>>> print(open('query_36.pdb').read())   # PDB, C-alpha atoms and all ligand atoms
MODEL        1
ATOM      1  CA  MET A 744       2.502 -17.574   1.877
ATOM      2  CA  SER A 745       1.884 -14.519  -0.337
ATOM      3  CA  ALA A 746       4.724 -12.232  -1.421
ATOM      4  CA  SER A 747       3.303  -9.290   0.525
ATOM      5  CA  PRO A 748       0.903 -10.035   3.386
ATOM      6  CA  SER A 749      -2.724  -9.257   2.583
ATOM      7  CA  ARG A 750      -5.207  -7.517   4.893
ATOM      8  CA  GLU A 751      -6.523 -10.964   5.931
ATOM      9  CA  GLU A 752      -2.997 -12.155   6.681
ATOM     10  CA  TRP A 753      -2.202  -9.098   8.868
ATOM     11  CA  THR A 754      -5.526  -9.476  10.644
ATOM     12  CA  ALA A 755      -4.733 -13.144  11.354
ATOM     13  CA  ARG A 756      -1.205 -12.280  12.481
ATOM     14  CA  ALA A 757      -2.363  -9.495  14.810
ATOM     15  CA  VAL A 758      -3.157 -11.871  17.680
ATOM     16  CA  PHE A 759       0.436 -13.161  17.646
ATOM     17  CA  TRP A 760       1.921  -9.655  17.469
ATOM     18  CA  ASP A 761      -0.265  -8.695  20.404
ATOM     19  CA  LYS A 762       0.791 -11.811  22.351
ATOM     20  CA  HIS A 763       4.492 -11.012  21.872
ATOM     21  CA  ALA A 764       4.255  -7.226  22.367
ATOM     22  CA  PRO A 765       6.224  -6.001  25.384
ATOM     23  CA  GLU A 766       4.302  -4.844  28.444
ATOM     24  CA  GLY A 767       5.673  -1.309  28.343
ATOM     25  CA  GLU A 768       9.030  -0.046  27.109
ATOM     26  CA  SER A 769      10.598  -1.671  24.073
ATOM     27  CA  VAL A 770      12.804  -4.745  24.238
ATOM     28  CA  THR A 771      14.400  -3.665  20.952
ATOM     29  CA  ASP A 772      15.026  -0.100  22.043
ATOM     30  CA  GLU A 773      18.598  -0.118  20.758
ATOM     31  CA  LEU A 774      17.239  -0.105  17.190
ATOM     32  CA  ASN A 775      14.543   2.432  18.057
ATOM     33  CA  ARG A 776      17.075   4.827  19.549
ATOM     34  CA  ILE A 777      19.228   4.670  16.410
ATOM     35  CA  LEU A 778      16.196   5.460  14.239
ATOM     36  CA  ILE A 779      14.951   8.216  16.560
ATOM     37  CA  ASP A 780      18.392   9.865  16.689
ATOM     38  CA  LEU A 781      18.871   9.715  12.920
ATOM     39  CA  ALA A 782      15.384  11.193  12.417
ATOM     40  CA  GLY A 783      16.532  14.079  14.642
ATOM     41  CA  ILE A 784      13.630  13.706  17.094
ATOM     42  CA  GLY A 785      13.766  15.732  20.289
ATOM     43  CA  SER A 786      11.621  16.918  23.162
ATOM     44  CA  GLY A 787       8.387  18.643  22.118
ATOM     45  CA  ASP A 788       8.302  17.289  18.553
ATOM     46  CA  ASP A 789       5.109  16.143  16.817
ATOM     47  CA  VAL A 790       5.935  12.843  15.144
ATOM     48  CA  LEU A 791       4.103  10.482  12.785
ATOM     49  CA  ASP A 792       5.095   6.803  13.004
ATOM     50  CA  LEU A 793       3.989   4.744   9.992
ATOM     51  CA  ALA A 794       3.099   1.026  10.229
ATOM     52  CA  SER A 795       3.482   1.104  14.021
ATOM     53  CA  GLY A 796       2.151  -2.394  14.676
ATOM     54  CA  SER A 797       2.480  -3.053  18.411
ATOM     55  CA  GLY A 798       4.157   0.308  18.905
ATOM     56  CA  GLU A 799       7.712   0.164  17.578
ATOM     57  CA  PRO A 800       9.151   2.754  17.650
ATOM     58  CA  ALA A 801       6.055   4.842  18.554
ATOM     59  CA  ILE A 802       6.260   4.073  22.296
ATOM     60  CA  SER A 803       9.973   4.941  22.434
ATOM     61  CA  ILE A 804       9.236   8.179  20.541
ATOM     62  CA  ALA A 805       6.453   9.122  22.979
ATOM     63  CA  LEU A 806       8.954   8.740  25.817
ATOM     64  CA  ARG A 807      11.511  10.851  23.916
ATOM     65  CA  VAL A 808       9.225  13.772  22.910
ATOM     66  CA  GLY A 809       7.632  14.024  26.353
ATOM     67  CA  ALA A 810       4.380  15.692  27.383
ATOM     68  CA  GLY A 811       5.032  18.743  25.174
ATOM     69  CA  GLY A 812       5.179  16.624  22.009
ATOM     70  CA  SER A 813       3.018  13.989  20.398
ATOM     71  CA  VAL A 814       3.220  10.736  18.439
ATOM     72  CA  THR A 815       0.613   9.534  15.996
ATOM     73  CA  ALA A 816       0.901   5.753  15.617
ATOM     74  CA  LEU A 817      -0.543   4.842  12.223
ATOM     75  CA  ASP A 818      -1.302   1.384  10.854
ATOM     76  CA  ALA A 819      -3.565   0.062   8.105
ATOM     77  CA  HIS A 820      -4.828  -2.729  10.346
ATOM     78  CA  GLY A 821      -6.543  -1.641  13.544
ATOM     79  CA  GLU A 822      -5.974  -5.050  15.194
ATOM     80  CA  MET A 823      -2.208  -4.592  14.844
ATOM     81  CA  LEU A 824      -2.366  -1.456  17.032
ATOM     82  CA  ALA A 825      -3.864  -3.329  20.018
ATOM     83  CA  GLY A 826      -0.487  -3.863  21.685
ATOM     84  CA  ALA A 827       0.523  -0.237  21.106
ATOM     85  CA  ARG A 828      -2.663   1.024  22.754
ATOM     86  CA  ARG A 829      -2.171  -1.276  25.742
ATOM     87  CA  ARG A 830       1.472  -0.295  26.198
ATOM     88  CA  ALA A 831       0.579   3.409  26.012
ATOM     89  CA  ALA A 832      -2.030   2.885  28.741
ATOM     90  CA  THR A 833       0.397   0.883  30.923
ATOM     91  CA  LEU A 834       3.021   3.632  30.643
ATOM     92  CA  GLU A 835       0.357   6.328  31.125
ATOM     93  CA  LEU A 836       1.419   8.087  27.933
ATOM     94  CA  ASN A 837      -1.028  10.885  27.223
ATOM     95  CA  ASN A 838       0.822  12.146  24.169
ATOM     96  CA  MET A 839      -0.121   9.300  21.809
ATOM     97  CA  LYS A 840      -2.762   9.276  19.090
ATOM     98  CA  PHE A 841      -3.764   6.318  16.941
ATOM     99  CA  GLN A 842      -4.749   6.422  13.286
ATOM    100  CA  ILE A 843      -5.973   3.600  11.089
ATOM    101  CA  ALA A 844      -4.870   4.458   7.553
ATOM    102  CA  ARG A 845      -2.684   3.236   4.729
ATOM    103  CA  MET A 846       0.765   4.712   4.585
ATOM    104  CA  GLU A 847       0.365   5.363   0.847
ATOM    105  CA  TYR A 848      -2.519   7.820   1.481
ATOM    106  CA  LEU A 849      -1.900   9.805   4.645
ATOM    107  CA  PRO A 850      -4.971  11.598   6.024
ATOM    108  CA  PHE A 851      -3.023  14.677   7.124
ATOM    109  CA  ALA A 852      -2.501  18.151   5.690
ATOM    110  CA  ASP A 853       0.809  19.165   4.136
ATOM    111  CA  ASP A 854       3.472  20.434   6.574
ATOM    112  CA  THR A 855       1.984  18.833   9.714
ATOM    113  CA  PHE A 856       4.786  16.908  11.467
ATOM    114  CA  ASP A 857       8.309  17.632  12.731
ATOM    115  CA  ALA A 858       9.370  14.069  11.908
ATOM    116  CA  VAL A 859       8.065  10.898  10.254
ATOM    117  CA  THR A 860       9.399   7.460  11.170
ATOM    118  CA  CYS A 861       8.793   3.921   9.988
ATOM    119  CA  ARG A 862      10.397   0.711  11.274
ATOM    120  CA  PHE A 863      10.116  -2.443   9.156
ATOM    121  CA  GLY A 864       6.967  -1.150   7.430
ATOM    122  CA  LEU A 865       8.117   0.127   4.031
ATOM    123  CA  GLN A 866       8.773  -3.405   2.825
ATOM    124  CA  SER A 867       5.052  -4.137   3.256
ATOM    125  CA  SER A 868       3.928  -1.090   1.283
ATOM    126  CA  GLU A 869       2.054  -1.661  -1.957
ATOM    127  CA  ASP A 870       3.732   1.470  -3.303
ATOM    128  CA  ALA A 871       6.911   2.386  -1.482
ATOM    129  CA  ALA A 872       7.676   5.375  -3.737
ATOM    130  CA  GLN A 873       4.269   6.895  -2.985
ATOM    131  CA  THR A 874       4.725   6.213   0.756
ATOM    132  CA  LEU A 875       7.994   8.138   0.769
ATOM    133  CA  ARG A 876       6.425  11.025  -1.191
ATOM    134  CA  GLU A 877       3.524  11.107   1.286
ATOM    135  CA  ALA A 878       5.940  11.095   4.241
ATOM    136  CA  ARG A 879       7.703  14.107   2.734
ATOM    137  CA  ARG A 880       4.414  15.910   1.999
ATOM    138  CA  VAL A 881       3.197  15.788   5.611
ATOM    139  CA  LEU A 882       6.547  16.958   7.014
ATOM    140  CA  LYS A 883       7.004  20.598   7.949
ATOM    141  CA  PRO A 884       9.718  22.353   5.953
ATOM    142  CA  GLY A 885      12.996  21.388   7.631
ATOM    143  CA  GLY A 886      11.415  18.270   9.162
ATOM    144  CA  ARG A 887      13.100  14.907   8.826
ATOM    145  CA  ALA A 888      12.010  11.384   7.948
ATOM    146  CA  GLY A 889      13.782   8.220   9.117
ATOM    147  CA  PHE A 890      12.920   4.750   7.785
ATOM    148  CA  MET A 891      14.402   1.418   8.909
ATOM    149  CA  THR A 892      14.261  -1.809   6.899
ATOM    150  CA  HIS A 893      15.835  -5.213   7.428
ATOM    151  CA  GLY A 894      19.266  -5.665   5.864
ATOM    152  CA  VAL A 895      20.543  -8.525   3.730
ATOM    153  CA  GLU A 896      19.034 -11.886   4.700
ATOM    154  CA  GLU A 897      22.427 -13.687   4.916
ATOM    155  CA  ARG A 898      23.311 -11.443   7.847
ATOM    156  CA  ASN A 899      19.969 -11.823   9.642
ATOM    157  CA  THR A 900      20.456 -15.183  11.326
ATOM    158  CA  LEU A 901      17.089 -15.328  13.082
ATOM    159  CA  SER A 902      15.010 -14.566   9.998
ATOM    160  CA  ALA A 903      17.125 -16.643   7.601
ATOM    161  CA  VAL A 904      17.231 -19.750   9.802
ATOM    162  CA  LEU A 905      13.465 -19.713  10.361
ATOM    163  CA  ALA A 906      12.728 -19.181   6.661
ATOM    164  CA  ASN A 907      15.106 -22.002   5.672
ATOM    165  CA  VAL A 908      13.608 -24.472   8.128
ATOM    166  CA  VAL A 909       9.969 -23.612   7.362
ATOM    167  CA  CYS A 910      10.420 -23.551   3.568
ATOM    168  CA  GLY A 911      12.670 -26.636   3.654
ATOM    169  CA  MET A 912      10.166 -28.731   5.596
ATOM    170  CA  PHE A 913       6.930 -27.506   4.043
ATOM    171  CA  PRO A 914       7.738 -26.173   0.547
ATOM    172  CA  GLU A 915       4.342 -27.164  -0.811
ATOM    173  CA  ARG A 916       2.532 -25.292   1.953
ATOM    174  CA  VAL A 917       4.452 -22.039   2.179
ATOM    175  CA  GLY A 918       5.634 -21.743  -1.427
ATOM    176  CA  ALA A 919       9.136 -20.937  -2.535
ATOM    177  CA  ALA A 920       8.390 -17.307  -3.502
ATOM    178  CA  LYS A 921      10.727 -14.725  -2.090
ATOM    179  CA  PRO A 922       8.717 -12.409   0.118
ATOM    180  CA  LYS A 923       8.424  -8.735  -0.813
ATOM    181  CA  ARG A 924       9.898  -7.811   2.551
ATOM    182  CA  LEU A 925      13.273  -8.554   0.949
ATOM    183  CA  ARG A 926      12.959  -5.188  -0.805
ATOM    184  CA  PHE A 927      15.314  -2.408   0.334
ATOM    185  CA  ARG A 928      17.804  -4.840   1.842
ATOM    186  CA  GLU A 929      20.691  -4.013  -0.468
ATOM    187  CA  PRO A 930      22.807  -1.024   0.584
ATOM    188  CA  GLY A 931      21.885   2.028  -1.515
ATOM    189  CA  SER A 932      18.304   1.000  -2.357
ATOM    190  CA  LEU A 933      16.561   2.746   0.536
ATOM    191  CA  ARG A 934      18.653   5.837   0.008
ATOM    192  CA  ALA A 935      17.702   5.851  -3.682
ATOM    193  CA  GLY A 936      14.019   5.831  -2.628
ATOM    194  CA  PHE A 937      14.582   8.927  -0.467
ATOM    195  CA  ASP A 938      16.355  10.709  -3.311
ATOM    196  CA  ALA A 939      13.540   9.862  -5.745
ATOM    197  CA  ALA A 940      10.912  11.191  -3.311
ATOM    198  CA  GLY A 941      12.626  14.600  -3.287
ATOM    199  CA  PHE A 942      14.250  14.590   0.159
ATOM    200  CA  ASP A 943      17.353  16.701   0.820
ATOM    201  CA  GLU A 944      20.384  15.814   2.946
ATOM    202  CA  VAL A 945      19.734  12.127   2.388
ATOM    203  CA  GLY A 946      21.832   9.589   4.275
ATOM    204  CA  GLU A 947      21.903   5.848   4.834
ATOM    205  CA  ARG A 948      23.527   3.570   7.389
ATOM    206  CA  GLU A 949      23.815  -0.188   7.631
ATOM    207  CA  ILE A 950      23.504  -1.381  11.221
ATOM    208  CA  LEU A 951      25.367  -4.620  11.838
ATOM    209  CA  ARG A 952      25.059  -6.225  15.262
ATOM    210  CA  VAL A 953      25.634  -9.536  16.975
ATOM    211  CA  VAL A 954      22.652 -10.260  19.199
ATOM    212  CA  THR A 955      23.023 -12.880  21.942
ATOM    213  CA  ARG A 956      20.325 -15.122  23.391
ATOM    214  CA  GLU A 957      20.531 -17.570  26.288
ATOM    215  CA  ALA A 958      21.258 -21.190  25.310
ATOM    216  CA  GLY A 959      18.169 -23.359  25.529
ATOM    217  CA  SER A 960      15.778 -20.402  25.387
ATOM    218  CA  ARG A 961      13.146 -20.494  22.671
ATOM    219  CA  PHE A 962      13.967 -16.927  21.633
ATOM    220  CA  TRP A 963      12.856 -17.724  18.073
ATOM    221  CA  ARG A 964       9.257 -18.475  19.011
ATOM    222  CA  SER A 965       8.194 -14.818  18.928
ATOM    223  CA  LEU A 966       9.279 -14.261  15.309
ATOM    224  CA  LEU A 967       8.077 -17.702  14.205
ATOM    225  CA  GLU A 968       4.587 -16.969  15.533
ATOM    226  CA  ARG A 969       4.457 -13.330  14.395
ATOM    227  CA  ARG A 970       5.501 -14.312  10.878
ATOM    228  CA  TYR A 971       3.857 -17.709  10.404
ATOM    229  CA  GLY A 972       1.286 -17.858  13.228
ATOM    230  CA  SER A 973      -1.925 -18.328  11.252
ATOM    231  CA  TRP A 974      -0.281 -21.001   9.102
ATOM    232  CA  LEU A 975       1.294 -22.732  12.154
ATOM    233  CA  GLU A 976      -2.184 -23.236  13.547
ATOM    234  CA  THR A 977      -3.018 -25.403  10.550
ATOM    235  CA  LEU A 978      -0.232 -27.902  11.465
ATOM    236  CA  ASP A 979      -1.104 -30.988  13.469
ATOM    237  CA  ALA A 980       0.731 -31.648  16.767
ATOM    238  CA  GLU A 981       3.217 -34.041  15.183
ATOM    239  CA  ASP A 982       4.248 -31.623  12.409
ATOM    240  CA  ARG A 983       4.451 -28.813  14.923
ATOM    241  CA  SER A 984       6.861 -30.714  17.180
ATOM    242  CA  ARG A 985       8.922 -31.822  14.149
ATOM    243  CA  LEU A 986       9.179 -28.164  13.154
ATOM    244  CA  ASP A 987      10.205 -27.052  16.661
ATOM    245  CA  ALA A 988      12.880 -29.774  16.804
ATOM    246  CA  ALA A 989      14.243 -28.757  13.384
ATOM    247  CA  VAL A 990      14.403 -25.102  14.424
ATOM    248  CA  GLU A 991      16.264 -26.034  17.657
ATOM    249  CA  GLU A 992      18.713 -28.105  15.668
ATOM    250  CA  ALA A 993      19.305 -25.364  13.095
ATOM    251  CA  PHE A 994      20.061 -22.780  15.797
ATOM    252  CA  ALA A 995      22.464 -25.183  17.570
ATOM    253  CA  ALA A 996      24.988 -24.264  14.860
ATOM    254  CA  HIS A 997      24.970 -20.724  16.304
ATOM    255  CA  LEU A 998      25.734 -21.709  19.907
ATOM    256  CA  ALA A 999      28.854 -20.161  21.415
ATOM    257  CA  GLY A1000      29.239 -21.519  24.957
ATOM    258  CA  ASP A1001      26.168 -20.680  27.012
ATOM    259  CA  ARG A1002      24.532 -18.430  24.423
ATOM    260  CA  TYR A1003      23.464 -18.164  20.828
ATOM    261  CA  GLU A1004      25.221 -15.549  18.738
ATOM    262  CA  LEU A1005      23.014 -14.203  15.965
ATOM    263  CA  GLU A1006      23.999 -11.768  13.262
ATOM    264  CA  SER A1007      21.579  -8.920  12.650
ATOM    265  CA  ALA A1008      21.649  -6.416   9.782
ATOM    266  CA  ASP A1009      19.332  -3.454   9.326
ATOM    267  CA  MET A1010      19.296  -0.410   7.061
ATOM    268  CA  VAL A1011      18.308   3.134   8.011
ATOM    269  CA  SER A1012      17.827   6.061   5.671
ATOM    270  CA  TRP A1013      16.908   9.607   6.481
ATOM    271  CA  GLY A1014      16.226  12.829   4.644
ATOM    272  CA  THR A1015      15.026  16.394   5.212
ATOM    273  CA  LYS A1016      12.189  18.310   3.547
TER     274      LYS A1016
HETATM  275  C1  LIG B   1       6.598  -5.892  10.135
HETATM  276  S1  LIG B   1       5.316  -4.967  10.904
HETATM  277  C2  LIG B   1       6.272  -3.704  11.703
HETATM  278  C3  LIG B   1       5.610  -3.167  12.945
HETATM  279  C4  LIG B   1       6.471  -2.231  13.793
HETATM  280  N1  LIG B   1       6.790  -0.994  13.102
HETATM  281  C5  LIG B   1       7.722  -2.919  14.294
HETATM  282  O1  LIG B   1       8.823  -2.515  13.935
HETATM  283  O2  LIG B   1       7.600  -3.880  15.083
HETATM  284  C6  LIG B   1       4.572  -4.136   9.551
HETATM  285  C7  LIG B   1       3.318  -3.347   9.884
HETATM  286  O3  LIG B   1       2.898  -2.691   8.690
HETATM  287  C8  LIG B   1       1.482  -2.628   8.695
HETATM  288  N2  LIG B   1       1.066  -2.377   7.302
HETATM  289  C9  LIG B   1       1.095  -3.233   6.253
HETATM  290  N3  LIG B   1       0.696  -2.613   5.134
HETATM  291  C10 LIG B   1       0.414  -1.333   5.487
HETATM  292  C11 LIG B   1      -0.023  -0.177   4.759
HETATM  293  N4  LIG B   1      -0.232  -0.229   3.449
HETATM  294  N5  LIG B   1      -0.182   0.985   5.442
HETATM  295  C12 LIG B   1       0.045   1.049   6.784
HETATM  296  N6  LIG B   1       0.451  -0.011   7.522
HETATM  297  C13 LIG B   1       0.641  -1.178   6.878
HETATM  298  C14 LIG B   1       1.065  -3.966   9.248
HETATM  299  O4  LIG B   1      -0.263  -3.932   9.730
HETATM  300  C15 LIG B   1       2.121  -4.156  10.353
HETATM  301  O5  LIG B   1       1.664  -3.636  11.586
ENDMDL
END
>>> encode(input="query_36.pdb", output="structure tokens", more="lines below")
Ligand SMILES: C[S@@+](CC[C@H](N)C(=O)[O-])C[C@H]1O[C@@H](n2cnc3c(N)ncnc32)[C@H](O)[C@@H]1O
Amino acid sequence: MSASPSREEWTARAVFWDKHAPEGESVTDELNRILIDLAGIGSGDDVLDLASGSGEPAISIALRVGAGGSVTALDAHGEMLAGARRRAATLELNNMKFQIARMEYLPFADDTFDAVTCRFGLQSSEDAAQTLREARRVLKPGGRAGFMTHGVEERNTLSAVLANVVCGMFPERVGAAKPKRLRFREPGSLRAGFDAAGFDEVGEREILRVVTREAGSRFWRSLLERRYGSWLETLDAEDRSRLDAAVEEAFAAHLAGDRYELESADMVSWGTK
């Protein structure tokens, strides 16, 4: 598994992201609302959402800005936007636009947007410093950017357990390399990126939550497939059921009565132009 997913890897993953995309409104809206609030987004705003994937937080933003505003959902990989397009159609959102482009080279004039957001995308950027400078460039004076990244791995039970099981069982197939998405996890690092890009009024917040999931549910399947889907398909049936059993067993340690309790840590930074 490469340190930072390649175009081919995102294209292969897209089918799994599409499969697990919600029908309409977000199932992780709590995180979206935090990001949207910290980016200062309100009714009537024109917003750019970078690395939107299946539409997080672009769909939530479209609902927030209403018919008088707009959201441009941007992603480098057109296939990844399939879920976002479908959700927008289901919710009859007429204020969404879609743009296939790399976040390091934004095809927009200076001073275009009231806000720029990005959820779990900066860690995939080939040049995060340039992405942040580009986000600032396309903001109107006084506009605000808000970026969310995953926090420290030890406090992200779902991600850490899956990575441990997959790498532990198949080290020769997935490699031991730490993925690039671990960037910006340490408190202070995302904020430092905003400062370096020239933003004013920069802030950062660590969001620590305990997420619960019903005992016996295979809540982990969505992330397992979105992250490792194309590789999972190369496993034979026996290896696949051994992997599923090992994942079940690893999560059993997090059972509390009739539910799993999972730690979740994310970072948000924001800044004004
Ligand atoms: C982890 S997903 C996050 C998707 C969504 N924002 C969410 O929170 O569910 C990362 C997204 O970044 C996109 N991506 C990767 N490299 C990119 C780049 N250089 N420019 C724009 N998008 C990119 C991928 O196609 C993928 O949709």
>>> atom_distance(input="query_36.pdb", atom1="atom C13 of ligand LIG 1 (chain B)", atom2="atom CA of A:Gly911")
28.3 Å
>>> closest_residue(input="query_36.pdb", among="A:Val770, A:Ala988, A:Leu817, A:Val758", to="ligand LIG 1 (chain B)", atoms="all atoms listed in the file")
A:Leu817
>>> atom_distance(input="query_36.pdb", atom1="atom CA of A:Val1011", atom2="atom CA of A:Ala935")
12.0 Å
>>> resolve_selection(input="query_36.pdb", expression="the PyMOL selection byres (((chain A and resi 830) around 9) and not hetatm)", output="NGL selection string")
:A and (764-768 or 797-798 or 802 or 825-829 or 831-836)
>>> residues_near_ligand(input="query_36.pdb", ligand="ligand LIG 1 (chain B)", cutoff="7 Å", atoms="all atoms listed in the file", output="list in words")
Trp753, Leu793, Ala794, Ser795, Gly796, Ser797, Gly798, Glu799, Pro800, Leu817, Asp818, Ala819, His820, Met823, Ala844, Arg845, Met846, Glu847, Cys861, Arg862, Phe863, Gly864, Ser867, Ser868 and Glu869 of chain A
>>> build_atoms(input="query_36.pdb", residues="stretch 764-773 of chain A", atoms="all heavy atoms", output="short mmCIF file (atom, residue, chain, number, x, y, z; two decimals), keeping the file's coordinate frame")
data_model
loop_
_atom_site.label_atom_id
_atom_site.label_comp_id
_atom_site.auth_asym_id
_atom_site.auth_seq_id
_atom_site.Cartn_x
_atom_site.Cartn_y
_atom_site.Cartn_z
N ALA A 764 3.92 -8.65 22.13
CA ALA A 764 4.26 -7.23 22.37
C ALA A 764 4.77 -7.07 23.80
O ALA A 764 4.28 -7.74 24.70
CB ALA A 764 3.01 -6.36 22.17
N PRO A 765 5.76 -6.22 24.01
CA PRO A 765 6.22 -6.00 25.38
C PRO A 765 5.12 -5.38 26.23
O PRO A 765 4.14 -4.85 25.70
CB PRO A 765 7.40 -5.03 25.24
CG PRO A 765 7.50 -4.67 23.81
CD PRO A 765 6.44 -5.38 23.04
N GLU A 766 5.30 -5.44 27.55
CA GLU A 766 4.30 -4.84 28.44
C GLU A 766 4.33 -3.33 28.35
O GLU A 766 3.29 -2.67 28.34
CB GLU A 766 4.58 -5.26 29.89
CG GLU A 766 4.24 -6.70 30.19
CD GLU A 766 2.80 -7.03 29.80
OE1 GLU A 766 1.90 -6.30 30.22
OE2 GLU A 766 2.59 -8.02 29.07
N GLY A 767 5.54 -2.77 28.33
CA GLY A 767 5.67 -1.31 28.34
C GLY A 767 6.77 -0.87 27.39
O GLY A 767 6.58 -0.89 26.18
N GLU A 768 7.94 -0.54 27.96
CA GLU A 768 9.03 -0.05 27.11
C GLU A 768 9.54 -1.15 26.19
O GLU A 768 9.36 -2.34 26.46
CB GLU A 768 10.15 0.52 27.99
CG GLU A 768 9.68 1.78 28.70
CD GLU A 768 10.79 2.49 29.45
OE1 GLU A 768 11.92 2.51 28.95
OE2 GLU A 768 10.51 3.00 30.54
N SER A 769 10.22 -0.73 25.12
CA SER A 769 10.60 -1.67 24.07
C SER A 769 11.74 -2.59 24.50
O SER A 769 12.65 -2.18 25.19
CB SER A 769 11.05 -0.88 22.85
OG SER A 769 11.49 -1.74 21.87
N VAL A 770 11.67 -3.85 24.03
CA VAL A 770 12.80 -4.74 24.24
C VAL A 770 13.81 -4.63 23.08
O VAL A 770 14.88 -5.19 23.14
CB VAL A 770 12.37 -6.23 24.38
CG1 VAL A 770 11.62 -6.45 25.67
CG2 VAL A 770 11.54 -6.68 23.19
N THR A 771 13.46 -3.89 22.05
CA THR A 771 14.40 -3.66 20.95
C THR A 771 14.71 -2.17 20.86
O THR A 771 14.84 -1.62 19.78
CB THR A 771 13.84 -4.17 19.60
OG1 THR A 771 12.54 -3.59 19.41
CG2 THR A 771 13.72 -5.66 19.56
N ASP A 772 14.88 -1.56 22.03
CA ASP A 772 15.03 -0.10 22.04
C ASP A 772 16.33 0.36 21.42
O ASP A 772 16.43 1.50 20.96
CB ASP A 772 14.90 0.41 23.47
CG ASP A 772 14.49 1.87 23.49
OD1 ASP A 772 13.73 2.27 22.57
OD2 ASP A 772 14.95 2.62 24.35
N GLU A 773 17.34 -0.52 21.37
CA GLU A 773 18.60 -0.12 20.76
C GLU A 773 18.35 0.33 19.31
O GLU A 773 18.83 1.38 18.88
CB GLU A 773 19.56 -1.32 20.80
CG GLU A 773 20.95 -0.99 20.31
CD GLU A 773 21.82 -2.23 20.17
OE1 GLU A 773 21.36 -3.34 20.50
OE2 GLU A 773 22.96 -2.06 19.70
#
